[in-house]
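S.K.: Pasting run.pdb below, which is PDB, C-alpha atoms and all ligand atoms.
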```
ATOM      1  CA  MET A   1       0.000   0.000   0.000
ATOM      2  CA  ARG A   2       2.894   2.281   0.683
ATOM      3  CA  LYS A   3       4.800   1.488  -2.469
ATOM      4  CA  HIS A   4       3.880   2.540  -5.948
ATOM      5  CA  PRO A   5       6.984   3.132  -8.023
ATOM      6  CA  SER A   6       6.093   5.471 -10.862
ATOM      7  CA  SER A   7       8.200   3.485 -13.332
ATOM      8  CA  LEU A   8       5.851   0.520 -13.243
ATOM      9  CA  SER A   9       2.960   0.175 -15.633
ATOM     10  CA  PRO A  10      -0.513  -0.066 -14.090
ATOM     11  CA  GLY A  11      -0.523  -3.866 -14.380
ATOM     12  CA  PRO A  12       2.447  -4.750 -12.180
ATOM     13  CA  ALA A  13       1.688  -1.808  -9.904
ATOM     14  CA  ALA A  14      -1.740  -3.240  -9.228
ATOM     15  CA  LEU A  15      -0.169  -6.600  -8.455
ATOM     16  CA  ILE A  16       2.266  -5.030  -6.017
ATOM     17  CA  LEU A  17      -0.581  -3.133  -4.424
ATOM     18  CA  LEU A  18      -2.459  -6.400  -4.076
ATOM     19  CA  ALA A  19       0.585  -8.099  -2.556
ATOM     20  CA  PHE A  20       0.905  -5.353   0.017
ATOM     21  CA  THR A  21      -2.786  -5.446   0.765
ATOM     22  CA  VAL A  22      -2.450  -9.148   1.548
ATOM     23  CA  LEU A  23       0.673  -8.664   3.619
ATOM     24  CA  PHE A  24      -0.708  -5.735   5.587
ATOM     25  CA  PRO A  25      -4.451  -6.270   5.605
ATOM     26  CA  VAL A  26      -5.408  -3.960   8.474
ATOM     27  CA  GLY A  27      -4.902  -0.407   7.332
ATOM     28  CA  ARG A  28      -1.281   0.552   7.852
ATOM     29  CA  ALA A  29      -0.619  -2.556   9.911
ATOM     30  CA  SER A  30       3.104  -2.429   9.423
ATOM     31  CA  ALA A  31       4.953  -1.088  12.454
ATOM     32  CA  VAL A  32       6.952   1.020  10.029
ATOM     33  CA  THR A  33       5.811   4.544   9.270
ATOM     34  CA  VAL A  34       6.941   5.723   5.863
ATOM     35  CA  ARG A  35       7.140   9.472   6.246
ATOM     36  CA  ASP A  36       6.134  10.302   2.724
ATOM     37  CA  TYR A  37       5.203  13.939   2.175
ATOM     38  CA  ASN A  38       4.614  13.913  -1.588
ATOM     39  CA  GLY A  39       3.029  10.558  -2.354
ATOM     40  CA  ASP A  40       5.887   8.817  -4.138
ATOM     41  CA  GLY A  41       5.819   6.065  -1.526
ATOM     42  CA  ARG A  42       9.284   6.816  -0.200
ATOM     43  CA  GLY A  43      10.250   8.208   3.181
ATOM     44  CA  ASP A  44      11.467  11.797   2.884
ATOM     45  CA  LEU A  45      14.011  13.728   4.908
ATOM     46  CA  ALA A  46      12.320  16.481   6.872
ATOM     47  CA  VAL A  47      13.741  19.166   9.109
ATOM     48  CA  TYR A  48      11.954  21.953  10.940
ATOM     49  CA  TYR A  49      13.317  25.413  11.617
ATOM     50  CA  PRO A  50      11.582  26.556  14.820
ATOM     51  CA  ALA A  51      12.433  30.263  14.502
ATOM     52  CA  SER A  52      10.154  30.658  11.485
ATOM     53  CA  ALA A  53       8.158  27.407  11.707
ATOM     54  CA  THR A  54       9.473  26.366   8.312
ATOM     55  CA  TRP A  55       9.531  22.794   7.041
ATOM     56  CA  TYR A  56      12.269  21.701   4.662
ATOM     57  CA  LEU A  57      11.384  18.504   2.837
ATOM     58  CA  LEU A  58      13.776  16.512   0.665
ATOM     59  CA  TYR A  59      11.927  14.025  -1.512
ATOM     60  CA  ARG A  60      13.734  10.759  -2.029
ATOM     61  CA  GLU A  61      12.502  10.381  -5.584
ATOM     62  CA  GLY A  62      13.847  13.832  -6.395
ATOM     63  CA  GLY A  63      12.984  17.417  -5.606
ATOM     64  CA  SER A  64      12.369  19.291  -2.411
ATOM     65  CA  SER A  65      10.073  21.863  -0.946
ATOM     66  CA  VAL A  66      10.050  24.549   1.690
ATOM     67  CA  ARG A  67       6.768  25.129   3.480
ATOM     68  CA  GLN A  68       5.804  27.396   6.313
ATOM     69  CA  TRP A  69       3.369  25.892   8.793
ATOM     70  CA  GLY A  70       3.268  26.848  12.446
ATOM     71  CA  PHE A  71       4.364  29.774  14.551
ATOM     72  CA  LYS A  72       6.468  30.548  17.584
ATOM     73  CA  GLY A  73       5.873  27.933  20.261
ATOM     74  CA  THR A  74       4.554  25.213  17.969
ATOM     75  CA  VAL A  75       6.242  21.874  17.447
ATOM     76  CA  PRO A  76       5.841  19.634  14.398
ATOM     77  CA  VAL A  77       3.456  16.670  14.711
ATOM     78  CA  PRO A  78       3.053  15.417  11.135
ATOM     79  CA  GLY A  79       0.881  12.392  10.526
ATOM     80  CA  PHE A  80      -1.710  10.745   8.325
ATOM     81  CA  TYR A  81      -4.661  12.828   9.444
ATOM     82  CA  ASP A  82      -6.723  12.570   6.273
ATOM     83  CA  ASN A  83      -7.231   9.411   4.300
ATOM     84  CA  ASP A  84      -4.596   9.565   1.594
ATOM     85  CA  ASN A  85      -1.210   7.941   2.194
ATOM     86  CA  ILE A  86       0.589  11.287   2.239
ATOM     87  CA  MET A  87       1.815  12.898   5.427
ATOM     88  CA  ASP A  88       0.072  16.062   6.472
ATOM     89  CA  LEU A  89       1.872  18.984   7.979
ATOM     90  CA  ALA A  90       0.678  19.589  11.506
ATOM     91  CA  VAL A  91       1.894  21.533  14.486
ATOM     92  CA  TYR A  92       1.024  21.470  18.168
ATOM     93  CA  ASP A  93       0.956  24.676  20.207
ATOM     94  CA  THR A  94       2.748  23.833  23.453
ATOM     95  CA  ALA A  95       1.092  26.766  25.240
ATOM     96  CA  THR A  96      -2.520  25.876  24.480
ATOM     97  CA  GLY A  97      -2.739  22.288  23.253
ATOM     98  CA  ASP A  98      -4.115  23.478  19.909
ATOM     99  CA  TRP A  99      -3.316  21.379  16.851
ATOM    100  CA  TYR A 100      -3.144  22.952  13.386
ATOM    101  CA  PHE A 101      -3.422  20.694  10.346
ATOM    102  CA  GLN A 102      -2.855  21.205   6.658
ATOM    103  CA  TYR A 103      -4.408  18.250   4.871
ATOM    104  CA  SER A 104      -2.513  16.896   1.893
ATOM    105  CA  ALA A 105      -5.632  15.732   0.044
ATOM    106  CA  THR A 106      -7.430  19.068  -0.009
ATOM    107  CA  GLN A 107      -4.784  21.555   1.126
ATOM    108  CA  SER A 108      -7.406  22.772   3.564
ATOM    109  CA  ALA A 109      -6.482  23.775   7.079
ATOM    110  CA  THR A 110      -8.145  23.117  10.377
ATOM    111  CA  LYS A 111      -7.538  23.515  14.074
ATOM    112  CA  ARG A 112      -8.476  21.341  17.014
ATOM    113  CA  ASN A 113      -7.787  21.571  20.712
ATOM    114  CA  TRP A 114      -6.520  18.467  22.450
ATOM    115  CA  GLY A 115      -4.181  18.987  25.380
ATOM    116  CA  TRP A 116      -2.990  21.936  27.380
ATOM    117  CA  SER A 117       0.234  23.632  28.477
ATOM    118  CA  GLN A 118       1.417  20.645  30.559
ATOM    119  CA  THR A 119       0.945  17.918  27.975
ATOM    120  CA  LEU A 120       3.207  16.458  25.310
ATOM    121  CA  PRO A 121       1.828  15.497  21.899
ATOM    122  CA  VAL A 122       1.973  11.740  21.192
ATOM    123  CA  PRO A 123       0.035  11.284  17.941
ATOM    124  CA  ALA A 124      -0.133   7.714  16.611
ATOM    125  CA  ASP A 125      -2.708   5.353  15.175
ATOM    126  CA  TYR A 126      -4.178   3.915  18.370
ATOM    127  CA  ASP A 127      -7.309   2.404  16.818
ATOM    128  CA  GLY A 128      -5.636   0.938  13.748
ATOM    129  CA  ASP A 129      -7.749   2.580  11.047
ATOM    130  CA  GLY A 130      -4.768   4.073   9.237
ATOM    131  CA  ILE A 131      -5.520   7.603  10.431
ATOM    132  CA  THR A 132      -3.276   9.245  13.003
ATOM    133  CA  ASP A 133      -5.122   9.913  16.259
ATOM    134  CA  LEU A 134      -4.636  12.991  18.386
ATOM    135  CA  ALA A 135      -3.185  12.112  21.767
ATOM    136  CA  VAL A 136      -1.277  13.796  24.546
ATOM    137  CA  TYR A 137       0.716  12.577  27.509
ATOM    138  CA  HIS A 138       0.647  14.423  30.840
ATOM    139  CA  PRO A 139       3.998  13.821  32.579
ATOM    140  CA  PRO A 140       2.998  14.963  36.096
ATOM    141  CA  SER A 141       0.223  12.367  36.291
ATOM    142  CA  GLY A 142       1.413   9.815  33.725
ATOM    143  CA  ARG A 143      -1.963  10.011  32.012
ATOM    144  CA  TRP A 144      -2.556   9.539  28.309
ATOM    145  CA  TYR A 145      -5.486  11.283  26.631
ATOM    146  CA  VAL A 146      -6.207   9.511  23.358
ATOM    147  CA  THR A 147      -8.768  10.222  20.653
ATOM    148  CA  TYR A 148      -9.949   7.645  18.140
ATOM    149  CA  SER A 149     -10.368   8.695  14.546
ATOM    150  CA  HIS A 150     -12.736   5.874  13.617
ATOM    151  CA  ASP A 151     -15.584   7.115  15.823
ATOM    152  CA  GLY A 152     -14.402  10.360  17.398
ATOM    153  CA  SER A 153     -14.440   8.945  20.919
ATOM    154  CA  ALA A 154     -11.720   9.519  23.515
ATOM    155  CA  ALA A 155     -10.156   7.591  26.360
ATOM    156  CA  THR A 156      -7.819   8.268  29.267
ATOM    157  CA  PHE A 157      -5.201   5.804  30.468
ATOM    158  CA  PRO A 158      -2.858   5.998  33.446
ATOM    159  CA  TRP A 159       0.431   4.688  32.058
ATOM    160  CA  GLY A 160       3.598   6.375  33.186
ATOM    161  CA  PHE A 161       4.812   8.598  35.934
ATOM    162  CA  GLY A 162       6.926  11.693  36.406
ATOM    163  CA  ALA A 163       9.606  12.119  33.807
ATOM    164  CA  THR A 164       8.972   8.927  31.861
ATOM    165  CA  PHE A 165       9.394   9.535  28.150
ATOM    166  CA  PRO A 166       6.495   8.444  25.940
ATOM    167  CA  VAL A 167       7.351   6.134  23.029
ATOM    168  CA  PRO A 168       4.091   4.920  21.490
ATOM    169  CA  ALA A 169       4.484   2.352  18.716
ATOM    170  CA  ASP A 170       2.895  -0.902  17.614
ATOM    171  CA  TYR A 171       4.968  -3.353  19.632
ATOM    172  CA  ASN A 172       2.733  -6.404  19.173
ATOM    173  CA  GLY A 173       1.869  -5.967  15.509
ATOM    174  CA  ASP A 174      -1.910  -5.827  15.859
ATOM    175  CA  GLY A 175      -2.026  -2.651  13.795
ATOM    176  CA  ARG A 176      -2.696  -0.386  16.761
ATOM    177  CA  ALA A 177      -0.151   1.827  18.506
ATOM    178  CA  ASP A 178       0.507   0.783  22.097
ATOM    179  CA  LEU A 179       1.141   3.028  25.077
ATOM    180  CA  ALA A 180       4.767   2.912  26.127
ATOM    181  CA  VAL A 181       7.073   4.898  28.372
ATOM    182  CA  VAL A 182      10.748   4.692  29.256
ATOM    183  CA  ASN A 183      12.178   5.926  32.530
ATOM    184  CA  ALA A 184      15.652   7.246  33.340
ATOM    185  CA  ASN A 185      16.873   3.737  34.187
ATOM    186  CA  GLY A 186      16.016   2.431  30.747
ATOM    187  CA  ASP A 187      12.958   0.538  31.971
ATOM    188  CA  TRP A 188      10.343   0.209  29.223
ATOM    189  CA  TYR A 189       6.688  -0.187  30.174
ATOM    190  CA  ILE A 190       4.435  -1.214  27.296
ATOM    191  CA  ASN A 191       0.656  -1.419  27.529
ATOM    192  CA  TYR A 192      -0.779  -3.283  24.546
ATOM    193  CA  LEU A 193      -4.268  -2.031  25.389
ATOM    194  CA  ASN A 194      -5.617  -5.573  25.208
ATOM    195  CA  GLY A 195      -5.293  -6.345  28.911
ATOM    196  CA  THR A 196      -1.630  -7.275  28.740
ATOM    197  CA  SER A 197       1.548  -5.329  29.293
ATOM    198  CA  ARG A 198       5.280  -5.802  29.407
ATOM    199  CA  LYS A 199       8.119  -4.340  31.430
ATOM    200  CA  VAL A 200      11.698  -4.774  30.326
ATOM    201  CA  ASN A 201      14.963  -3.071  31.148
ATOM    202  CA  TRP A 202      16.735  -2.115  27.955
ATOM    203  CA  GLY A 203      18.970   0.919  28.273
ATOM    204  CA  TRP A 204      20.149   3.213  31.006
ATOM    205  CA  ASN A 205      20.272   6.903  31.868
ATOM    206  CA  LEU A 206      22.436   7.873  28.901
ATOM    207  CA  THR A 207      20.391   6.112  26.264
ATOM    208  CA  TYR A 208      17.664   7.482  24.043
ATOM    209  CA  PRO A 209      14.763   5.268  22.945
ATOM    210  CA  VAL A 210      14.400   4.738  19.184
ATOM    211  CA  PRO A 211      11.761   2.058  18.737
ATOM    212  CA  GLY A 212      11.222   0.835  15.188
ATOM    213  CA  ASP A 213      10.743  -2.334  13.217
ATOM    214  CA  PHE A 214      14.291  -3.293  12.316
ATOM    215  CA  ASP A 215      13.769  -7.035  11.855
ATOM    216  CA  GLY A 216      10.803  -6.550   9.565
ATOM    217  CA  ASP A 217       8.233  -8.706  11.381
ATOM    218  CA  GLY A 218       5.611  -5.948  11.614
ATOM    219  CA  LYS A 219       6.234  -5.289  15.310
ATOM    220  CA  ALA A 220       8.215  -2.400  16.750
ATOM    221  CA  ASP A 221      11.456  -3.499  18.396
ATOM    222  CA  ILE A 222      12.761  -2.062  21.635
ATOM    223  CA  VAL A 223      15.854  -0.063  20.767
ATOM    224  CA  SER A 224      18.102   2.172  22.837
ATOM    225  CA  TYR A 225      20.808   4.440  21.500
ATOM    226  CA  ASP A 226      23.868   5.280  23.581
ATOM    227  CA  PHE A 227      24.737   8.957  23.101
ATOM    228  CA  LYS A 228      28.301   8.363  24.226
ATOM    229  CA  SER A 229      29.392   5.451  22.079
ATOM    230  CA  GLY A 230      26.963   5.707  19.166
ATOM    231  CA  ASN A 231      25.874   2.124  19.803
ATOM    232  CA  TRP A 232      22.367   0.971  19.009
ATOM    233  CA  TYR A 233      21.060  -1.807  21.244
ATOM    234  CA  PHE A 234      18.313  -3.859  19.625
ATOM    235  CA  LEU A 235      15.872  -6.117  21.427
ATOM    236  CA  TYR A 236      14.091  -7.619  18.446
ATOM    237  CA  SER A 237      10.403  -8.449  18.620
ATOM    238  CA  GLY A 238      11.138 -11.580  16.608
ATOM    239  CA  GLY A 239      13.712 -12.713  19.165
ATOM    240  CA  GLY A 240      17.387 -12.044  19.656
ATOM    241  CA  THR A 241      19.429  -8.940  20.299
ATOM    242  CA  ALA A 242      22.128  -7.007  18.490
ATOM    243  CA  VAL A 243      24.479  -4.101  19.012
ATOM    244  CA  LYS A 244      25.407  -1.952  16.035
ATOM    245  CA  ASN A 245      27.563   1.126  16.016
ATOM    246  CA  TRP A 246      26.115   3.980  14.001
ATOM    247  CA  GLY A 247      26.717   7.406  15.457
ATOM    248  CA  PHE A 248      29.096   9.491  17.469
ATOM    249  CA  PRO A 249      28.772  12.140  20.182
ATOM    250  CA  THR A 250      26.349  15.043  19.513
ATOM    251  CA  VAL A 251      24.210  13.284  16.927
ATOM    252  CA  TRP A 252      20.501  12.556  17.241
ATOM    253  CA  PRO A 253      19.361   9.028  16.355
ATOM    254  CA  MET A 254      16.285   8.291  14.261
ATOM    255  CA  ALA A 255      14.400   5.221  13.158
ATOM    256  CA  GLY A 256      12.655   5.546   9.821
ATOM    257  CA  SER A 257      12.123   3.865   6.511
ATOM    258  CA  TRP A 258      14.033   5.653   3.763
ATOM    259  CA  GLY A 259      14.854   2.640   1.638
ATOM    260  CA  ASP A 260      12.774   0.310  -0.496
ATOM    261  CA  ASP A 261      12.052  -2.531   1.895
ATOM    262  CA  ASN A 262       9.496  -1.157   4.384
ATOM    263  CA  ILE A 263      11.868  -2.024   7.222
ATOM    264  CA  ASP A 264      13.210   0.663   9.505
ATOM    265  CA  ASP A 265      16.684   2.031   8.894
ATOM    266  CA  MET A 266      19.136   3.631  11.273
ATOM    267  CA  ALA A 267      19.911   7.306  10.851
ATOM    268  CA  VAL A 268      21.674   9.971  12.826
ATOM    269  CA  PHE A 269      21.594  13.729  12.338
ATOM    270  CA  TYR A 270      24.674  15.827  13.021
ATOM    271  CA  PRO A 271      23.490  19.379  13.789
ATOM    272  CA  PRO A 272      26.739  21.325  13.201
ATOM    273  CA  SER A 273      26.728  20.430   9.513
ATOM    274  CA  GLY A 274      23.107  19.393   9.044
ATOM    275  CA  THR A 275      24.193  15.982   7.811
ATOM    276  CA  TRP A 276      22.063  12.859   7.891
ATOM    277  CA  TYR A 277      23.955   9.574   8.043
ATOM    278  CA  LEU A 278      21.692   6.786   6.856
ATOM    279  CA  ARG A 279      22.318   3.083   7.192
ATOM    280  CA  TYR A 280      19.809   1.035   5.279
ATOM    281  CA  SER A 281      18.342  -2.204   6.515
ATOM    282  CA  ASP A 282      18.719  -4.039   3.216
ATOM    283  CA  PRO A 283      21.190  -6.928   3.276
ATOM    284  CA  THR A 284      24.002  -4.772   1.928
ATOM    285  CA  GLN A 285      23.663  -2.363   4.885
ATOM    286  CA  LYS A 286      24.281   0.418   2.367
ATOM    287  CA  VAL A 287      25.173   3.748   3.913
ATOM    288  CA  GLU A 288      24.648   7.299   2.733
ATOM    289  CA  ALA A 289      25.420  10.812   3.943
ATOM    290  CA  VAL A 290      22.958  13.522   2.929
ATOM    291  CA  ASN A 291      23.215  17.179   3.785
ATOM    292  CA  TRP A 292      19.747  18.446   4.653
ATOM    293  CA  GLY A 293      19.321  21.026   7.377
ATOM    294  CA  TRP A 294      21.696  23.060   9.450
ATOM    295  CA  SER A 295      22.561  23.622  13.103
ATOM    296  CA  GLU A 296      19.329  25.449  13.948
ATOM    297  CA  THR A 297      17.019  22.903  12.372
ATOM    298  CA  VAL A 298      15.790  19.692  13.932
ATOM    299  CA  PRO A 299      14.934  16.524  12.073
ATOM    300  CA  ILE A 300      11.238  15.882  12.463
ATOM    301  CA  ASP A 301      11.744  12.150  12.958
ATOM    302  CA  VAL A 302      13.407  12.753  16.308
ATOM    303  CA  ASN A 303      11.084  13.656  19.112
ATOM    304  CA  ILE A 304      13.452  16.334  20.333
ATOM    305  CA  PHE A 305      10.718  18.626  21.560
ATOM    306  CA  ASN A 306       9.153  16.127  23.932
ATOM    307  CA  TRP A 307      12.597  15.064  25.050
ATOM    308  CA  ALA A 308      13.668  18.658  25.735
ATOM    309  CA  ARG A 309      10.594  19.345  27.830
ATOM    310  CA  LEU A 310      11.320  16.312  30.016
ATOM    311  CA  HIS A 311      15.105  16.566  30.002
ATOM    312  CA  PRO A 312      16.106  20.243  29.898
ATOM    313  CA  ALA A 313      19.767  19.411  29.191
ATOM    314  CA  PRO A 314      20.039  18.051  25.653
ATOM    315  CA  HIS A 315      21.693  14.652  25.268
TER     316      HIS A 315
HETATM  317 CA    CA B   1      -2.600  13.051   4.148
HETATM  318 CA    CA B   2      -6.664   6.114  14.000
HETATM  319 CA    CA B   3      -0.314  -2.817  19.150
HETATM  320 CA    CA B   4      10.258  -6.044  14.771
END
```
So, in terms of structure tokens, how does the structure I just supplied come out?

M.R.:
Amino acid sequence: MRKHPSSLSPGPAALILLAFTVLFPVGRASAVTVRDYNGDGRGDLAVYYPASATWYLLYREGGSSVRQWGFKGTVPVPGFYDNDNIMDLAVYDTATGDWYFQYSATQSATKRNWGWSQTLPVPADYDGDGITDLAVYHPPSGRWYVTYSHDGSAATFPWGFGATFPVPADYNGDGRADLAVVNANGDWYINYLNGTSRKVNWGWNLTYPVPGDFDGDGKADIVSYDFKSGNWYFLYSGGGTAVKNWGFPTVWPMAGSWGDDNIDDMAVFYPPSGTWYLRYSDPTQKVEAVNWGWSETVPIDVNIFNWARLHPAPH
């Protein structure tokens, strides 16, 4: 569903579409989010310049665009808020809890309030209908306030405490994002919202959580990145663990799918030069350095804003 190479004729493209529909029958049931802003099916590189609320998008199939969306005090919260497979620009006003959307299908804009000055935005697809749901996490109480796009209802869940960092993702592969938090000891608490939960220690106080589906089984893996060594520690959903070195001090780690295989890749962003270092998940482990951004921009795939509000000292 997420792949439609333009070079293919309608025949094979339809077959590929069918294959993906069979593989991922429930909406966007893959645990991988392809952050595609222009509809070519490929994950794009996106950075945000907070001073002017400008988005810089580098399309992987060629081209780029610069778009202004947001204002002082907003943070980027892009997602699939309308029903095409193209990411919509969206920002969250940290002072008011207002969300501002620009829908890719219609280019129309809308605003909704969900949250307030003490909450962090944690949008994800919690009901599994393929549409990103508005949600916020309230650190002082550890409460999650989640909306459901399929019927407009809302729910509140106590899951977290104090300075735990929210990392929602689909950890069990049922197509719905799960509630998850990580504390300063590297303890992960995952609530699958089906009556079961999991606690596991994977990381420590110098690691940053970067969950993603790196083994390609449709379930997010528990992954911690060590800021000091640049090591990625993988606890695969399909079993097994791994340590891979990809990074160095002062970079921000990201999980995302920028290749062709719908499996998450490792990436780090080096602010001084605005360089992305990508390491693809395909068997060749191909690597690439791309300059996109500069020292005052932040890559949108890293949840730097939530992190900064919980951990005032960066890194
Ligand atoms: Ca869209
Ligand atoms: Ca949804
Ligand atoms: Ca799930
Ligand atoms: Ca996995």

S.K.: Determine, using only C-alpha atoms, which residues of stretch 213-247 of chain A have any atom at most 8 Å from an atom of stretch 28-49 of chain A, and tabulate each with its shortest atom pair and distance in Å to one decimal place, rows ordered by chain and then rising number, as JSON lines.

M.R.:
```
{"residue": "A:Asp213", "atom": "CA", "partner": "A:Ala31", "partner_atom": "CA", "distance": 6.0}
{"residue": "A:Gly218", "atom": "CA", "partner": "A:Ser30", "partner_atom": "CA", "distance": 4.8}
{"residue": "A:Lys219", "atom": "CA", "partner": "A:Ala31", "partner_atom": "CA", "distance": 5.2}
{"residue": "A:Ala220", "atom": "CA", "partner": "A:Ala31", "partner_atom": "CA", "distance": 5.6}
```

S.K.: Using Å and a single decimal, report how far atom CA of A:Asp178 sits from atom CA of A:Tyr137.

M.R.: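 A separation of 13.0 Å between them.
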
S.K.: For the contact check between stretch 51-83 of chain A and stretch 285-303 of chain A, emit one row per residue of stretch 51-83 of chain A within 8 Å, containing the shortest atom pair and the distance in Å rounded to one decimal, counting all atoms listed in the file, chain then rising number order, as CSV.

M.R.:
```
residue,atom,partner,partner_atom,distance
A:Tyr56,CA,A:Gly293,CA,7.6
A:Leu58,CA,A:Trp292,CA,7.4
A:Pro76,CA,A:Ile300,CA,6.9
```

S.K.: Pick out the closest residue to ligand CA 3 (chain B) from this set: A:Gly128, A:Gly256, A:Pro272, A:Gly152. Count all atoms listed in the file.

M.R.: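 Using all atoms listed in the file, ligand CA 3 (chain B) sits closest to A:Gly128.
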
S.K.: Can you list, as JSON, numbers by chain, the residues that the PyMOL selection byres (((chain A and resi 84) around 10) and not hetatm) selects here?

M.R.: {"A": [39, 80, 81, 82, 83, 85, 86, 87, 88, 103, 104, 105, 130, 131]}

S.K.: Quick one: write out the picked residues with C-alpha atoms as an mmCIF file, keeping the file's coordinate frame?

M.R.:
```
data_model
loop_
_atom_site.group_PDB
_atom_site.id
_atom_site.type_symbol
_atom_site.label_atom_id
_atom_site.label_comp_id
_atom_site.auth_asym_id
_atom_site.auth_seq_id
_atom_site.Cartn_x
_atom_site.Cartn_y
_atom_site.Cartn_z
ATOM 1 C CA GLY A 39 3.029 10.558 -2.354
ATOM 2 C CA PHE A 80 -1.710 10.745 8.325
ATOM 3 C CA TYR A 81 -4.661 12.828 9.444
ATOM 4 C CA ASP A 82 -6.723 12.570 6.273
ATOM 5 C CA ASN A 83 -7.231 9.411 4.300
ATOM 6 C CA ASN A 85 -1.210 7.941 2.194
ATOM 7 C CA ILE A 86 0.589 11.287 2.239
ATOM 8 C CA MET A 87 1.815 12.898 5.427
ATOM 9 C CA ASP A 88 0.072 16.062 6.472
ATOM 10 C CA TYR A 103 -4.408 18.250 4.871
ATOM 11 C CA SER A 104 -2.513 16.896 1.893
ATOM 12 C CA ALA A 105 -5.632 15.732 0.044
ATOM 13 C CA GLY A 130 -4.768 4.073 9.237
ATOM 14 C CA ILE A 131 -5.520 7.603 10.431
#
```

S.K.: Compare A:Tyr277, A:Trp307, A:Gln68, A:Asp221 by their minimum atom-to-atom distance to A:Gly173, counting all atoms listed in the file, and give me the closest one.

M.R.: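 The answer is A:Asp221, which sits nearest to A:Gly173.
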
S.K.: What's the separation between atom CA of A:Phe248 and atom CA of A:Pro166, in Å to one decimal place?

M.R.: 24.2 Å

S.K.: Taking the file as I've supplied it (selection: the PyMOL selection byres (((chain A and resi 250) around 9) and not hetatm)), which residues are included? Please answer as number ranges by chain.

M.R.: A: 227-228, 247-249, 251-252, 269-272, 315

S.K.: When the cut-off is 12 Å and you count all atoms listed in the file, which residues lie near ligand CA 4 (chain B), shown as a PyMOL selection string?

M.R.: chain A and resi 30-32+169-173+211-223+234-241+262-265

S.K.: Counting all atoms listed in the file, name the residues that have an atom within 8 Å of an atom of ligand CA 2 (chain B); the answer should be given as a PDB file with C-alpha atoms, in the coordinates of the input.

M.R.:
```
ATOM      1  CA  ALA A 124      -0.133   7.714  16.611  1.00  0.00           C
ATOM      2  CA  ASP A 125      -2.708   5.353  15.175  1.00  0.00           C
ATOM      3  CA  TYR A 126      -4.178   3.915  18.370  1.00  0.00           C
ATOM      4  CA  ASP A 127      -7.309   2.404  16.818  1.00  0.00           C
ATOM      5  CA  GLY A 128      -5.636   0.938  13.748  1.00  0.00           C
ATOM      6  CA  ASP A 129      -7.749   2.580  11.047  1.00  0.00           C
ATOM      7  CA  GLY A 130      -4.768   4.073   9.237  1.00  0.00           C
ATOM      8  CA  ILE A 131      -5.520   7.603  10.431  1.00  0.00           C
ATOM      9  CA  THR A 132      -3.276   9.245  13.003  1.00  0.00           C
ATOM     10  CA  ASP A 133      -5.122   9.913  16.259  1.00  0.00           C
ATOM     11  CA  TYR A 148      -9.949   7.645  18.140  1.00  0.00           C
ATOM     12  CA  SER A 149     -10.368   8.695  14.546  1.00  0.00           C
ATOM     13  CA  HIS A 150     -12.736   5.874  13.617  1.00  0.00           C
TER      14      HIS A 150
END
```

S.K.: Could you list the residues chosen by the PyMOL selection byres (((chain A and resi 187-204) around 10) and not hetatm) in this structure as JSON, numbers by chain?

M.R.: {"A": [126, 157, 159, 160, 164, 165, 166, 167, 168, 169, 170, 171, 172, 173, 174, 176, 177, 178, 179, 180, 181, 182, 183, 184, 185, 186, 205, 206, 207, 208, 209, 222, 223, 224, 225, 226, 232, 233, 234, 235]}

S.K.: Could you check how far atom CA of A:Ser52 sits from atom CA of A:Val91, in Å to one decimal?

M.R.: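 Computing it gives 12.7 Å between the two atoms.
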
S.K.: Which of these, A:Thr106, A:Trp246, A:Ser64, A:Leu57, has the shortest distance to ligand CA 1 (chain B) once you count all atoms listed in the file?

M.R.: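 Of A:Thr106, A:Trp246, A:Ser64, A:Leu57, the one nearest ligand CA 1 (chain B), counting all atoms listed in the file, is A:Thr106.
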